[in-house]
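Below: the structure, in structure tokens.
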Amino acid sequence: AELDKIKSAVAKFANLNRTEFVICRNTTEALDTIIHGYPWQKGDEVVVNHPDYYSMLAAFHQQEKRSGIKAVYTKLPLHPKNDEEIIAAYEKAIGPKTKMILVTHLINLTGQVQPIEKIISMAHSNGVEVMLDSAHAFAHIEFDIKETKADYLGTSLHKWLCCPMGLGLMYINPKHISK
């Protein structure tokens, strides 16, 4: 009963249907579930960045050993002149075997807010899915999860909603749930 109340409140706040997300323990659990559950094939590539959260990078490195994927690092500018410079850095890292990009929505090391809608649009135009790490963005900056068009998203509810530790959210775009 308590979980139903929590899920209803989160659904209302996040503008999601109760069936579009699950409550989990935190961003790491949400994104690790996706990373380790994704149907990787040997040789697949994922684009990541050095400032991405270490637990996500560790999960992808584990998949390199387990599944034979390759993590390709971008070099994001620390002081970008414009959004296009950031988008170009991601696009440059995309190759014919790229399946996914991990985008840290709000980089905790620098406070930089990524232009996620533009990055996601570019990735999708290249046939690449996007996993969004919104641990520090959700409830801190205004955005609508569905409007981002992210394929996957994880966040922690304890950061800016002041929920108890151990509450997170995992969103998977309905078209990808069967994976």
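Chains: A, B, ... in order of the structure tokens. Residues: from 1 per chain. Ligands: from 1, in order shown.
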
_DSSP strand (DSSP E or B) selection over chain A, as a PyMOL selection string_ = chain A and resi 21-24+45-49+70-74+98-104+106+113+129-133+138+141+152-156+168-172

Output file for the selection above: N, CA, C and O atoms, as a short mmCIF file (atom, residue, chain, number, x, y, z; two decimals), in the first residue's frame:
```cif
data_model
loop_
_atom_site.label_atom_id
_atom_site.label_comp_id
_atom_site.auth_asym_id
_atom_site.auth_seq_id
_atom_site.Cartn_x
_atom_site.Cartn_y
_atom_site.Cartn_z
N PHE A 21 7.48 3.23 -15.35
CA PHE A 21 8.71 3.27 -14.55
C PHE A 21 8.59 2.29 -13.39
O PHE A 21 7.50 1.83 -13.06
N VAL A 22 9.73 1.99 -12.83
CA VAL A 22 9.74 1.19 -11.60
C VAL A 22 10.50 1.96 -10.54
O VAL A 22 11.39 2.75 -10.85
N ILE A 23 10.14 1.72 -9.30
CA ILE A 23 10.88 2.26 -8.17
C ILE A 23 12.01 1.27 -7.90
O ILE A 23 11.80 0.06 -7.83
N CYS A 24 13.20 1.78 -7.75
CA CYS A 24 14.35 0.95 -7.43
C CYS A 24 15.12 1.67 -6.32
O CYS A 24 14.60 2.60 -5.72
N GLU A 45 29.43 -1.25 -29.49
CA GLU A 45 30.11 -0.14 -28.83
C GLU A 45 29.12 0.74 -28.08
O GLU A 45 27.95 0.87 -28.48
N VAL A 46 29.61 1.33 -27.00
CA VAL A 46 28.85 2.29 -26.21
C VAL A 46 29.74 3.51 -26.02
O VAL A 46 30.93 3.39 -25.76
N VAL A 47 29.17 4.68 -26.19
CA VAL A 47 29.91 5.93 -26.02
C VAL A 47 29.72 6.41 -24.58
O VAL A 47 28.58 6.51 -24.09
N VAL A 48 30.83 6.69 -23.92
CA VAL A 48 30.84 7.17 -22.54
C VAL A 48 31.80 8.35 -22.42
O VAL A 48 32.51 8.67 -23.37
N ASN A 49 31.83 8.95 -21.25
CA ASN A 49 32.70 10.11 -20.99
C ASN A 49 33.43 9.92 -19.68
O ASN A 49 32.90 9.32 -18.75
N LYS A 70 32.70 -2.67 -26.49
CA LYS A 70 33.79 -1.71 -26.34
C LYS A 70 33.23 -0.37 -25.89
O LYS A 70 32.28 0.14 -26.49
N ALA A 71 33.81 0.18 -24.83
CA ALA A 71 33.45 1.52 -24.37
C ALA A 71 34.34 2.52 -25.09
O ALA A 71 35.57 2.42 -25.04
N VAL A 72 33.73 3.44 -25.80
CA VAL A 72 34.44 4.48 -26.56
C VAL A 72 34.25 5.80 -25.82
O VAL A 72 33.13 6.22 -25.58
N TYR A 73 35.36 6.43 -25.45
CA TYR A 73 35.30 7.67 -24.68
C TYR A 73 35.29 8.89 -25.60
O TYR A 73 36.07 8.98 -26.53
N THR A 74 34.39 9.83 -25.27
CA THR A 74 34.38 11.12 -25.95
C THR A 74 35.30 12.06 -25.15
O THR A 74 35.68 11.77 -24.03
N THR A 98 28.19 1.38 -32.87
CA THR A 98 27.67 2.05 -31.68
C THR A 98 26.19 1.72 -31.50
O THR A 98 25.39 1.96 -32.40
N LYS A 99 25.87 1.20 -30.33
CA LYS A 99 24.48 0.86 -30.00
C LYS A 99 23.86 1.87 -29.05
O LYS A 99 22.66 2.07 -29.06
N MET A 100 24.71 2.48 -28.21
CA MET A 100 24.17 3.31 -27.13
C MET A 100 25.16 4.40 -26.75
O MET A 100 26.37 4.22 -26.90
N ILE A 101 24.61 5.51 -26.27
CA ILE A 101 25.41 6.58 -25.67
C ILE A 101 24.90 6.75 -24.25
O ILE A 101 23.69 6.80 -24.00
N LEU A 102 25.83 6.83 -23.30
CA LEU A 102 25.49 7.21 -21.93
C LEU A 102 25.70 8.72 -21.83
O LEU A 102 26.78 9.21 -22.13
N VAL A 103 24.66 9.43 -21.44
CA VAL A 103 24.75 10.87 -21.27
C VAL A 103 24.44 11.21 -19.82
O VAL A 103 23.37 10.86 -19.31
N THR A 104 25.38 11.85 -19.17
CA THR A 104 25.13 12.36 -17.82
C THR A 104 24.47 13.72 -17.99
O THR A 104 25.07 14.65 -18.51
N LEU A 106 23.32 16.09 -15.87
CA LEU A 106 23.95 17.18 -15.13
C LEU A 106 25.21 16.57 -14.51
O LEU A 106 25.12 15.72 -13.63
N VAL A 113 25.23 21.25 -17.42
CA VAL A 113 23.98 20.65 -17.85
C VAL A 113 24.09 20.39 -19.35
O VAL A 113 24.33 21.33 -20.12
N GLU A 129 20.81 4.44 -29.49
CA GLU A 129 19.96 4.64 -28.33
C GLU A 129 20.70 5.46 -27.27
O GLU A 129 21.93 5.49 -27.27
N VAL A 130 19.93 6.10 -26.39
CA VAL A 130 20.53 6.95 -25.35
C VAL A 130 20.06 6.53 -23.97
O VAL A 130 18.86 6.40 -23.72
N MET A 131 21.04 6.33 -23.08
CA MET A 131 20.80 6.09 -21.68
C MET A 131 21.13 7.38 -20.94
O MET A 131 22.23 7.90 -21.06
N LEU A 132 20.16 7.89 -20.22
CA LEU A 132 20.32 9.17 -19.55
C LEU A 132 20.49 8.98 -18.04
O LEU A 132 19.65 8.39 -17.37
N ASP A 133 21.62 9.45 -17.53
CA ASP A 133 21.89 9.44 -16.10
C ASP A 133 21.43 10.79 -15.56
O ASP A 133 22.11 11.80 -15.70
N PHE A 138 17.17 15.29 -12.05
CA PHE A 138 15.77 15.09 -11.70
C PHE A 138 15.41 15.87 -10.44
O PHE A 138 16.06 15.74 -9.41
N ILE A 141 16.58 20.45 -11.95
CA ILE A 141 16.31 21.32 -13.10
C ILE A 141 15.02 20.85 -13.75
O ILE A 141 14.65 19.67 -13.62
N TYR A 152 16.35 5.25 -22.19
CA TYR A 152 16.47 4.72 -20.83
C TYR A 152 16.87 5.88 -19.92
O TYR A 152 17.61 6.75 -20.34
N LEU A 153 16.39 5.85 -18.68
CA LEU A 153 16.74 6.91 -17.74
C LEU A 153 16.75 6.32 -16.34
O LEU A 153 15.90 5.51 -15.98
N GLY A 154 17.72 6.75 -15.56
CA GLY A 154 17.76 6.39 -14.16
C GLY A 154 17.99 7.64 -13.34
O GLY A 154 18.66 8.58 -13.77
N THR A 155 17.40 7.66 -12.13
CA THR A 155 17.62 8.77 -11.23
C THR A 155 17.44 8.31 -9.78
O THR A 155 16.85 7.27 -9.53
N SER A 156 17.97 9.09 -8.90
CA SER A 156 17.81 8.86 -7.46
C SER A 156 16.83 9.88 -6.91
O SER A 156 16.98 11.07 -7.16
N GLY A 168 14.87 5.15 -5.93
CA GLY A 168 15.26 5.63 -7.25
C GLY A 168 14.17 5.32 -8.25
O GLY A 168 13.14 4.73 -7.92
N LEU A 169 14.42 5.71 -9.48
CA LEU A 169 13.45 5.51 -10.55
C LEU A 169 14.17 5.01 -11.79
O LEU A 169 15.24 5.53 -12.13
N MET A 170 13.62 3.98 -12.43
CA MET A 170 14.13 3.49 -13.70
C MET A 170 13.02 3.62 -14.74
O MET A 170 11.92 3.07 -14.55
N TYR A 171 13.31 4.37 -15.79
CA TYR A 171 12.37 4.54 -16.90
C TYR A 171 12.96 3.88 -18.13
O TYR A 171 14.15 4.05 -18.43
N ILE A 172 12.14 3.11 -18.81
CA ILE A 172 12.52 2.53 -20.10
C ILE A 172 11.43 2.91 -21.08
O ILE A 172 10.24 2.66 -20.83
#
```

_as a ChimeraX atom specification, please: every residue in segment 7-87 of chain A that a backbone DSSP assignment puts in alpha helix (DSSP H)._
/A:7-14,27-37,54-67,83-87

Same residues, N, CA and C atoms, saved as a CSV table (one decimal), in the first residue's frame:
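Result file part-v9.csv:
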```csv
chain,number,residue,atom,x,y,z
A,7,LYS,N,4.5,5.4,-5.6
A,7,LYS,CA,4.5,5.3,-7.0
A,7,LYS,C,3.6,6.3,-7.6
A,8,SER,N,2.4,6.5,-7.0
A,8,SER,CA,1.4,7.5,-7.5
A,8,SER,C,2.0,8.9,-7.4
A,9,ALA,N,2.6,9.2,-6.3
A,9,ALA,CA,3.2,10.6,-6.1
A,9,ALA,C,4.3,10.8,-7.1
A,10,VAL,N,5.2,9.8,-7.3
A,10,VAL,CA,6.3,10.0,-8.2
A,10,VAL,C,5.7,10.1,-9.7
A,11,ALA,N,4.7,9.3,-10.0
A,11,ALA,CA,4.1,9.4,-11.4
A,11,ALA,C,3.6,10.8,-11.6
A,12,LYS,N,2.9,11.3,-10.7
A,12,LYS,CA,2.3,12.7,-10.8
A,12,LYS,C,3.4,13.7,-11.0
A,13,PHE,N,4.5,13.6,-10.1
A,13,PHE,CA,5.6,14.6,-10.2
A,13,PHE,C,6.4,14.5,-11.5
A,14,ALA,N,6.6,13.2,-11.9
A,14,ALA,CA,7.4,13.0,-13.1
A,14,ALA,C,6.6,13.0,-14.4
A,27,THR,N,20.0,5.5,-8.8
A,27,THR,CA,20.4,5.6,-10.2
A,27,THR,C,21.3,4.5,-10.6
A,28,THR,N,22.2,4.1,-9.8
A,28,THR,CA,23.1,3.0,-10.1
A,28,THR,C,22.4,1.7,-10.4
A,29,GLU,N,21.5,1.4,-9.5
A,29,GLU,CA,20.7,0.2,-9.7
A,29,GLU,C,19.9,0.3,-11.0
A,30,ALA,N,19.3,1.4,-11.2
A,30,ALA,CA,18.5,1.6,-12.4
A,30,ALA,C,19.3,1.4,-13.7
A,31,LEU,N,20.4,2.1,-13.8
A,31,LEU,CA,21.2,2.0,-15.0
A,31,LEU,C,22.0,0.7,-15.1
A,32,ASP,N,22.5,0.2,-14.0
A,32,ASP,CA,23.1,-1.1,-14.0
A,32,ASP,C,22.2,-2.2,-14.5
A,33,THR,N,20.9,-2.1,-14.1
A,33,THR,CA,19.9,-3.1,-14.6
A,33,THR,C,19.8,-3.1,-16.1
A,34,ILE,N,19.8,-1.9,-16.6
A,34,ILE,CA,19.7,-1.7,-18.1
A,34,ILE,C,21.0,-2.2,-18.7
A,35,ILE,N,22.1,-1.8,-18.2
A,35,ILE,CA,23.4,-2.1,-18.8
A,35,ILE,C,23.6,-3.6,-18.8
A,36,HIS,N,23.3,-4.3,-17.7
A,36,HIS,CA,23.5,-5.7,-17.6
A,36,HIS,C,22.4,-6.5,-18.2
A,37,GLY,N,21.3,-5.9,-18.5
A,37,GLY,CA,20.1,-6.6,-19.2
A,37,GLY,C,20.0,-6.4,-20.7
A,54,TYR,N,31.3,6.8,-11.9
A,54,TYR,CA,32.2,5.6,-11.9
A,54,TYR,C,31.5,4.3,-11.9
A,55,SER,N,30.3,4.2,-11.3
A,55,SER,CA,29.6,3.0,-11.2
A,55,SER,C,29.1,2.6,-12.6
A,56,MET,N,28.7,3.6,-13.4
A,56,MET,CA,28.2,3.3,-14.8
A,56,MET,C,29.4,2.8,-15.6
A,57,LEU,N,30.5,3.5,-15.5
A,57,LEU,CA,31.7,3.2,-16.3
A,57,LEU,C,32.1,1.8,-15.9
A,58,ALA,N,32.1,1.4,-14.6
A,58,ALA,CA,32.5,0.1,-14.1
A,58,ALA,C,31.6,-1.0,-14.7
A,59,ALA,N,30.3,-0.7,-14.8
A,59,ALA,CA,29.3,-1.6,-15.4
A,59,ALA,C,29.6,-1.9,-16.8
A,60,PHE,N,29.9,-0.8,-17.6
A,60,PHE,CA,30.3,-1.0,-19.0
A,60,PHE,C,31.6,-1.7,-19.1
A,61,HIS,N,32.5,-1.5,-18.3
A,61,HIS,CA,33.8,-2.2,-18.3
A,61,HIS,C,33.6,-3.7,-18.0
A,62,GLN,N,32.6,-4.0,-17.1
A,62,GLN,CA,32.3,-5.4,-16.8
A,62,GLN,C,31.7,-6.0,-18.1
A,63,GLN,N,30.9,-5.2,-18.8
A,63,GLN,CA,30.3,-5.8,-20.0
A,63,GLN,C,31.3,-5.9,-21.2
A,64,GLU,N,32.4,-5.1,-21.1
A,64,GLU,CA,33.5,-5.4,-22.1
A,64,GLU,C,34.0,-6.8,-21.8
A,65,LYS,N,34.2,-7.1,-20.6
A,65,LYS,CA,34.8,-8.5,-20.3
A,65,LYS,C,33.8,-9.6,-20.5
A,66,ARG,N,32.5,-9.3,-20.2
A,66,ARG,CA,31.5,-10.4,-20.3
A,66,ARG,C,31.0,-10.6,-21.7
A,67,SER,N,30.7,-9.5,-22.4
A,67,SER,CA,30.0,-9.6,-23.6
A,67,SER,C,30.9,-9.2,-24.8
A,83,ASP,N,26.2,24.6,-27.6
A,83,ASP,CA,25.7,23.2,-27.6
A,83,ASP,C,26.3,22.3,-28.7
A,84,GLU,N,26.5,22.9,-29.9
A,84,GLU,CA,26.9,22.2,-31.0
A,84,GLU,C,28.3,21.6,-30.8
A,85,GLU,N,29.1,22.2,-30.0
A,85,GLU,CA,30.5,21.7,-29.7
A,85,GLU,C,30.3,20.4,-28.9
A,86,ILE,N,29.4,20.4,-28.0
A,86,ILE,CA,29.1,19.2,-27.2
A,86,ILE,C,28.6,18.1,-28.0
A,87,ILE,N,27.6,18.4,-28.8
A,87,ILE,CA,26.9,17.4,-29.7
A,87,ILE,C,28.0,16.8,-30.7
```
